[in-house]
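Chemist: What follows is the file my_file_35.cif, containing mmCIF, C-alpha atoms:
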data_entry
loop_
_atom_site.label_atom_id
_atom_site.label_comp_id
_atom_site.auth_asym_id
_atom_site.auth_seq_id
_atom_site.Cartn_x
_atom_site.Cartn_y
_atom_site.Cartn_z
CA MET A 1 -27.46 14.56 37.22
CA SER A 2 -29.19 15.03 33.87
CA ASN A 3 -28.49 12.78 30.93
CA ASP A 4 -27.29 15.80 29.01
CA GLN A 5 -24.68 16.71 31.60
CA LEU A 6 -23.20 13.23 31.27
CA SER A 7 -23.24 13.59 27.46
CA THR A 8 -21.46 16.96 27.75
CA THR A 9 -18.85 15.39 30.04
CA PHE A 10 -18.18 12.44 27.70
CA ALA A 11 -18.09 14.76 24.65
CA ALA A 12 -15.50 16.96 26.40
CA LEU A 13 -13.40 13.88 27.23
CA ALA A 14 -13.53 12.64 23.60
CA ASP A 15 -10.40 14.54 22.62
CA PRO A 16 -6.73 13.73 23.41
CA PRO A 17 -5.53 17.35 24.00
CA ARG A 18 -8.44 18.00 26.38
CA ARG A 19 -7.66 14.84 28.35
CA ALA A 20 -3.98 15.90 28.40
CA ILE A 21 -4.99 19.31 29.82
CA LEU A 22 -6.98 17.57 32.57
CA ALA A 23 -3.99 15.33 33.33
CA ARG A 24 -1.76 18.42 33.60
CA LEU A 25 -4.26 20.15 35.91
CA SER A 26 -4.39 17.06 38.11
CA GLN A 27 -0.79 18.04 39.06
CA GLY A 28 -1.92 21.53 40.15
CA GLN A 29 -3.44 24.73 38.75
CA ALA A 30 -1.86 26.32 35.67
CA SER A 31 -2.21 29.43 33.51
CA VAL A 32 -3.32 29.26 29.87
CA THR A 33 0.29 29.96 28.74
CA GLU A 34 1.59 27.13 30.95
CA LEU A 35 -1.04 24.78 29.53
CA ALA A 36 -0.25 25.70 25.92
CA LYS A 37 3.52 25.08 26.19
CA PRO A 38 3.89 21.28 26.59
CA PHE A 39 1.10 20.48 24.15
CA ASP A 40 2.50 22.59 21.34
CA LEU A 41 -0.84 24.35 21.04
CA SER A 42 -1.43 27.99 20.08
CA LEU A 43 -3.01 30.19 22.76
CA PRO A 44 -6.29 30.44 20.80
CA GLY A 45 -6.14 26.65 20.32
CA VAL A 46 -5.75 25.93 24.03
CA SER A 47 -8.37 28.59 24.88
CA LYS A 48 -10.89 26.79 22.67
CA HIS A 49 -10.26 23.50 24.52
CA LEU A 50 -10.45 25.26 27.89
CA LYS A 51 -13.85 26.72 26.97
CA VAL A 52 -15.18 23.23 26.18
CA LEU A 53 -13.80 21.88 29.48
CA GLN A 54 -15.19 24.86 31.37
CA ARG A 55 -18.67 24.54 29.83
CA ALA A 56 -18.60 20.84 30.79
CA GLY A 57 -17.75 21.83 34.39
CA LEU A 58 -14.50 19.84 34.26
CA ILE A 59 -12.35 22.90 35.04
CA THR A 60 -12.80 26.39 36.44
CA GLN A 61 -10.73 29.47 35.70
CA GLY A 62 -9.76 32.10 38.28
CA ARG A 63 -11.11 35.63 37.87
CA SER A 64 -7.89 37.42 38.83
CA ALA A 65 -7.17 39.89 35.98
CA GLN A 66 -3.47 39.12 35.48
CA TRP A 67 -3.01 35.41 36.08
CA ARG A 68 -6.18 33.42 35.54
CA PRO A 69 -5.20 29.94 36.70
CA CYS A 70 -7.20 26.92 35.57
CA ARG A 71 -8.19 24.30 38.13
CA LEU A 72 -9.44 20.75 37.75
CA GLU A 73 -13.00 20.15 39.05
CA VAL A 74 -13.54 16.46 39.71
CA GLY A 75 -17.31 16.38 40.36
CA ARG A 76 -18.18 15.66 36.72
CA LEU A 77 -15.46 13.02 36.44
CA LYS A 78 -16.92 11.34 39.52
CA GLU A 79 -20.36 11.22 37.83
CA ALA A 80 -18.81 9.73 34.68
CA SER A 81 -16.95 7.22 36.84
CA GLU A 82 -20.20 6.23 38.59
CA TRP A 83 -21.89 5.66 35.24
CA VAL A 84 -19.06 3.42 33.98
CA ALA A 85 -18.91 1.59 37.34
CA GLU A 86 -22.39 0.17 36.63
CA TYR A 87 -20.71 -2.07 34.04
CA GLN A 88 -17.79 -3.11 36.23
CA ARG A 89 -19.46 -6.39 37.24
CA PHE A 90 -19.09 -7.53 33.62
CA TRP A 91 -15.32 -7.42 33.56
CA ASP A 92 -15.17 -8.64 37.15
CA GLU A 93 -17.32 -11.62 36.04
CA SER A 94 -15.17 -12.12 32.92
CA PHE A 95 -12.10 -12.09 35.14
CA GLN A 96 -13.71 -14.60 37.48
CA ARG A 97 -14.56 -16.91 34.57
CA LEU A 98 -11.00 -16.54 33.22
CA ASP A 99 -9.68 -17.34 36.68
CA GLU A 100 -11.83 -20.50 36.84
CA VAL A 101 -10.57 -21.59 33.41
CA LEU A 102 -6.97 -20.98 34.54
CA GLN A 103 -7.49 -22.92 37.76
CA ASP A 104 -8.89 -25.85 35.74
CA LEU A 105 -5.87 -25.70 33.38
CA ILE A 106 -3.46 -25.63 36.34
CA LYS A 107 -5.19 -28.64 37.94
CA GLU A 108 -5.10 -30.53 34.63
CA GLU A 109 -1.43 -29.66 34.10
CA LYS A 110 -0.62 -30.76 37.67
CA LYS A 111 -2.42 -34.07 37.12
CA LYS A 112 -0.44 -34.63 33.90
CA ASN A 113 2.86 -33.79 35.61
CA ASP A 114 2.06 -36.07 38.56
CA GLY A 115 1.42 -38.84 36.05
CA LYS A 116 4.72 -38.13 34.27
CA GLY A 117 6.51 -37.94 37.64
CA ARG A 118 5.30 -41.39 38.61
CA LYS A 119 6.26 -42.71 35.15
CA LYS A 120 9.74 -41.10 35.43
CA LYS A 121 10.20 -42.52 38.93
CA ASN A 122 9.37 -45.97 37.61
CA ASP A 123 11.69 -45.40 34.63
CA GLY A 124 14.41 -44.21 37.02
CA LYS A 125 13.94 -47.29 39.17
CA GLY A 126 14.20 -49.42 36.03
CA SER A 127 17.52 -47.95 34.88
CA GLN A 128 18.94 -48.17 38.40
CA ASP A 129 18.05 -51.81 38.42
CA ASN A 130 19.79 -52.09 35.04
CA ALA A 131 22.89 -50.30 36.38
CA GLN A 132 23.03 -52.69 39.29
CA ASP A 133 22.92 -55.64 36.87
CA MET B 1 -4.81 1.49 23.95
CA SER B 2 -4.49 4.44 21.60
CA ASN B 3 -5.66 7.91 22.54
CA ASP B 4 -8.00 7.84 19.59
CA GLN B 5 -9.73 4.68 20.74
CA LEU B 6 -10.50 6.33 24.05
CA SER B 7 -11.81 9.40 22.19
CA THR B 8 -14.03 7.17 20.03
CA THR B 9 -15.36 5.45 23.17
CA PHE B 10 -16.15 8.72 24.95
CA ALA B 11 -17.73 10.20 21.79
CA ALA B 12 -19.97 7.12 21.47
CA LEU B 13 -21.01 7.47 25.14
CA ALA B 14 -21.83 11.18 24.70
CA ASP B 15 -25.43 10.47 23.72
CA PRO B 16 -28.37 9.44 25.97
CA PRO B 17 -30.02 6.96 23.50
CA ARG B 18 -26.68 5.20 22.95
CA ARG B 19 -26.11 4.89 26.71
CA ALA B 20 -29.69 3.60 27.04
CA ILE B 21 -28.98 0.95 24.36
CA LEU B 22 -25.87 -0.16 26.30
CA ALA B 23 -27.91 -0.34 29.52
CA ARG B 24 -30.53 -2.51 27.73
CA LEU B 25 -27.79 -4.80 26.34
CA SER B 26 -26.31 -5.16 29.83
CA GLN B 27 -29.50 -7.17 30.58
CA GLY B 28 -28.82 -9.55 27.68
CA GLN B 29 -28.52 -9.58 23.89
CA ALA B 30 -31.33 -8.06 21.81
CA SER B 31 -32.37 -7.65 18.18
CA VAL B 32 -32.53 -4.25 16.47
CA THR B 33 -36.37 -4.35 16.64
CA GLU B 34 -36.26 -5.14 20.36
CA LEU B 35 -33.84 -2.25 20.90
CA ALA B 36 -35.95 0.23 18.93
CA LYS B 37 -39.20 -0.47 20.84
CA PRO B 38 -38.63 0.94 24.38
CA PHE B 39 -36.70 3.97 23.13
CA ASP B 40 -39.38 5.07 20.67
CA LEU B 41 -36.76 5.14 17.93
CA SER B 42 -37.28 4.33 14.25
CA LEU B 43 -35.40 1.30 12.92
CA PRO B 44 -33.06 3.52 10.82
CA GLY B 45 -32.58 5.72 13.91
CA VAL B 46 -31.56 2.82 16.14
CA SER B 47 -29.41 1.37 13.33
CA LYS B 48 -27.46 4.63 13.16
CA HIS B 49 -26.76 4.50 16.90
CA LEU B 50 -25.81 0.81 16.69
CA LYS B 51 -23.29 1.59 13.95
CA VAL B 52 -21.61 4.22 16.15
CA LEU B 53 -21.51 1.79 19.10
CA GLN B 54 -20.20 -0.99 16.86
CA ARG B 55 -17.45 1.18 15.35
CA ALA B 56 -16.44 2.13 18.90
CA GLY B 57 -16.23 -1.58 19.80
CA LEU B 58 -18.85 -1.17 22.53
CA ILE B 59 -21.19 -3.73 20.95
CA THR B 60 -21.02 -6.53 18.40
CA GLN B 61 -23.79 -7.81 16.16
CA GLY B 62 -24.37 -11.47 15.31
CA ARG B 63 -23.98 -12.59 11.69
CA SER B 64 -26.98 -14.91 11.63
CA ALA B 65 -29.11 -13.80 8.64
CA GLN B 66 -32.51 -13.76 10.33
CA TRP B 67 -31.97 -12.57 13.89
CA ARG B 68 -28.85 -10.50 14.27
CA PRO B 69 -28.65 -10.02 18.03
CA CYS B 70 -26.56 -7.18 19.47
CA ARG B 71 -24.27 -7.90 22.41
CA LEU B 72 -22.53 -5.61 24.85
CA GLU B 73 -18.70 -5.69 24.70
CA VAL B 74 -17.23 -4.38 27.93
CA GLY B 75 -13.53 -4.12 26.99
CA ARG B 76 -13.80 -0.50 25.84
CA LEU B 77 -15.86 0.47 28.89
CA LYS B 78 -13.15 -1.06 31.07
CA GLU B 79 -10.52 1.12 29.34
CA ALA B 80 -12.70 4.22 29.87
CA SER B 81 -13.17 3.22 33.51
CA GLU B 82 -9.41 2.85 33.96
CA TRP B 83 -8.86 6.33 32.53
CA VAL B 84 -11.42 7.90 34.88
CA ALA B 85 -10.05 5.90 37.85
CA GLU B 86 -6.80 7.90 37.61
CA TYR B 87 -8.76 10.84 39.04
CA GLN B 88 -10.49 8.87 41.78
CA ARG B 89 -7.94 9.92 44.42
CA PHE B 90 -9.29 13.47 44.10
CA TRP B 91 -12.79 12.67 45.26
CA ASP B 92 -11.46 10.15 47.75
CA GLU B 93 -9.23 12.93 49.15
CA SER B 94 -12.18 15.35 49.18
CA PHE B 95 -14.19 12.75 51.07
CA GLN B 96 -11.32 12.23 53.52
CA ARG B 97 -11.10 15.98 54.15
CA LEU B 98 -14.87 16.15 54.66
CA ASP B 99 -14.62 13.23 57.07
CA GLU B 100 -11.89 15.03 59.07
CA VAL B 101 -14.04 18.20 59.28
CA LEU B 102 -17.01 16.09 60.46
CA GLN B 103 -14.89 14.31 63.10
CA ASP B 104 -13.70 17.71 64.39
CA LEU B 105 -17.31 18.97 64.56
CA ILE B 106 -18.40 15.82 66.43
CA LYS B 107 -15.55 16.23 68.94
CA GLU B 108 -16.39 19.91 69.46
CA GLU B 109 -20.10 19.11 69.91
CA LYS B 110 -19.22 16.35 72.41
CA LYS B 111 -17.02 18.75 74.39
CA LYS B 112 -19.85 21.30 74.50
CA ASN B 113 -22.38 18.66 75.64
CA ASP B 114 -19.99 17.36 78.32
CA GLY B 115 -19.67 20.93 79.60
CA LYS B 116 -23.47 21.33 79.65
CA GLY B 117 -23.89 17.95 81.37
CA ARG B 118 -21.51 18.95 84.18
CA LYS B 119 -23.32 22.30 84.53
CA LYS B 120 -26.73 20.52 84.66
CA LYS B 121 -25.42 18.05 87.28
CA ASN B 122 -24.21 20.92 89.43
CA ASP B 123 -27.55 22.72 88.97
CA GLY B 124 -29.38 19.53 90.01
CA LYS B 125 -27.21 19.16 93.13
CA GLY B 126 -27.91 22.79 93.98
CA SER B 127 -31.69 22.39 93.87
CA GLN B 128 -31.51 19.17 95.95
CA ASP B 129 -29.56 21.10 98.58
CA ASN B 130 -32.24 23.76 98.48
CA ALA B 131 -34.97 21.14 98.93
CA GLN B 132 -33.15 19.79 102.01
CA ASP B 133 -33.03 23.28 103.57
#
Please express what this file holds, its structure, as structure tokens.

Modeler:
Amino acid sequence: MSNDQLSTTFAALADPPRRAILARLSQGQASVTELAKPFDLSLPGVSKHLKVLQRAGLITQGRSAQWRPCRLEVGRLKEASEWVAEYQRFWDESFQRLDEVLQDLIKEEKKKNDGKGRKKKNDGKGSQDNAQD
Amino acid sequence: MSNDQLSTTFAALADPPRRAILARLSQGQASVTELAKPFDLSLPGVSKHLKVLQRAGLITQGRSAQWRPCRLEVGRLKEASEWVAEYQRFWDESFQRLDEVLQDLIKEEKKKNDGKGRKKKNDGKGSQDNAQD
């Protein structure tokens, strides 16, 4: 995969209507008219977005003369996913560190509560003694 | 996460030198001069890229007057990764289908070989009988 292909993929994804079109196509193929409807886009407007997605290899369009359905092509998304996955260890590590901090806090809290519990028990014993008096 | 933030992230990633800067920062923080060196970029050139990455929240830059190290910030990459992950089932499904086709081919090949093996065994028995004659 060339660097430029990845740039083309990311550039194509850098637009909310184009990502919405991909999300729609993930449900199944659709014609240009079907794609234009929910997004309140004009036909030329949606065609422009489809051209960008097609050039990026993120979709293909059927060649049938009457109904030219668009289809999602996931190969490029997989490449983008693989690039981002290289950084996953950072948030996994951050999560691990956060988890360690939380575990320490829980332990500390437990220690405090155990201390209070013992104090309360002693207090309880004291008042019982008083009640018996 | 707003749609526009995701667009800003993808737009910032749509450039090989900017992705290379992120890869360098994944090894540890670096000054602007250190970042410019391996990429054969001028200081103003690298500064321009750093501004784009900073505006996208992909990096931060220290405020110390002398050495202002840049650091990778993975939160935005995690969001981008989560968006792409929505499509993962498609290549997982493709892989599953490919696996099924392969399993079928293996079974078919095994059946063929078993057939050949039986034929060979019979042929062997035949020649032994001939030798005994």

Chemist: Take the PyMOL selection byres ((chain A) within 12 of (chain B)), apply it to the structure above, and return the hits as a PyMOL selection string.

Modeler: chain A and resi 2-20+22-28+56+58+72-95

Chemist: Rank B:Lys51, B:Lys116, B:Arg97, B:Arg71 by their smallest atom-to-atom distance to Ala30 of chain B, using all atoms listed in the file, and report the top residue only.

Modeler: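 Ranking B:Lys51, B:Lys116, B:Arg97, B:Arg71 by distance to Ala30 of chain B, first place goes to B:Arg71.
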
Chemist: So which residues fall inside 9 Å of (-8.1, 25.8, 27.0) if we count all atoms listed in the file? Mind giving them as a short mmCIF file (atom, residue, chain, number, x, y, z; two decimals) with C-alpha atoms, in the coordinates of the input?

Modeler:
data_model
loop_
_atom_site.label_atom_id
_atom_site.label_comp_id
_atom_site.auth_asym_id
_atom_site.auth_seq_id
_atom_site.Cartn_x
_atom_site.Cartn_y
_atom_site.Cartn_z
CA ARG A 18 -8.44 18.00 26.38
CA ILE A 21 -4.99 19.31 29.82
CA VAL A 32 -3.32 29.26 29.87
CA LEU A 35 -1.04 24.78 29.53
CA ALA A 36 -0.25 25.70 25.92
CA LEU A 43 -3.01 30.19 22.76
CA PRO A 44 -6.29 30.44 20.80
CA GLY A 45 -6.14 26.65 20.32
CA VAL A 46 -5.75 25.93 24.03
CA SER A 47 -8.37 28.59 24.88
CA LYS A 48 -10.89 26.79 22.67
CA HIS A 49 -10.26 23.50 24.52
CA LEU A 50 -10.45 25.26 27.89
CA LYS A 51 -13.85 26.72 26.97
CA VAL A 52 -15.18 23.23 26.18
CA LEU A 53 -13.80 21.88 29.48
CA GLN A 54 -15.19 24.86 31.37
CA CYS A 70 -7.20 26.92 35.57
#

Chemist: Between atom CA of Ser64 of chain A and atom CA of Leu98 of chain B, measure the distance and give it in Å to one decimal.

Modeler: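 Taking atom CA of Ser64 of chain A and atom CA of Leu98 of chain B, their separation equals 27.4 Å.
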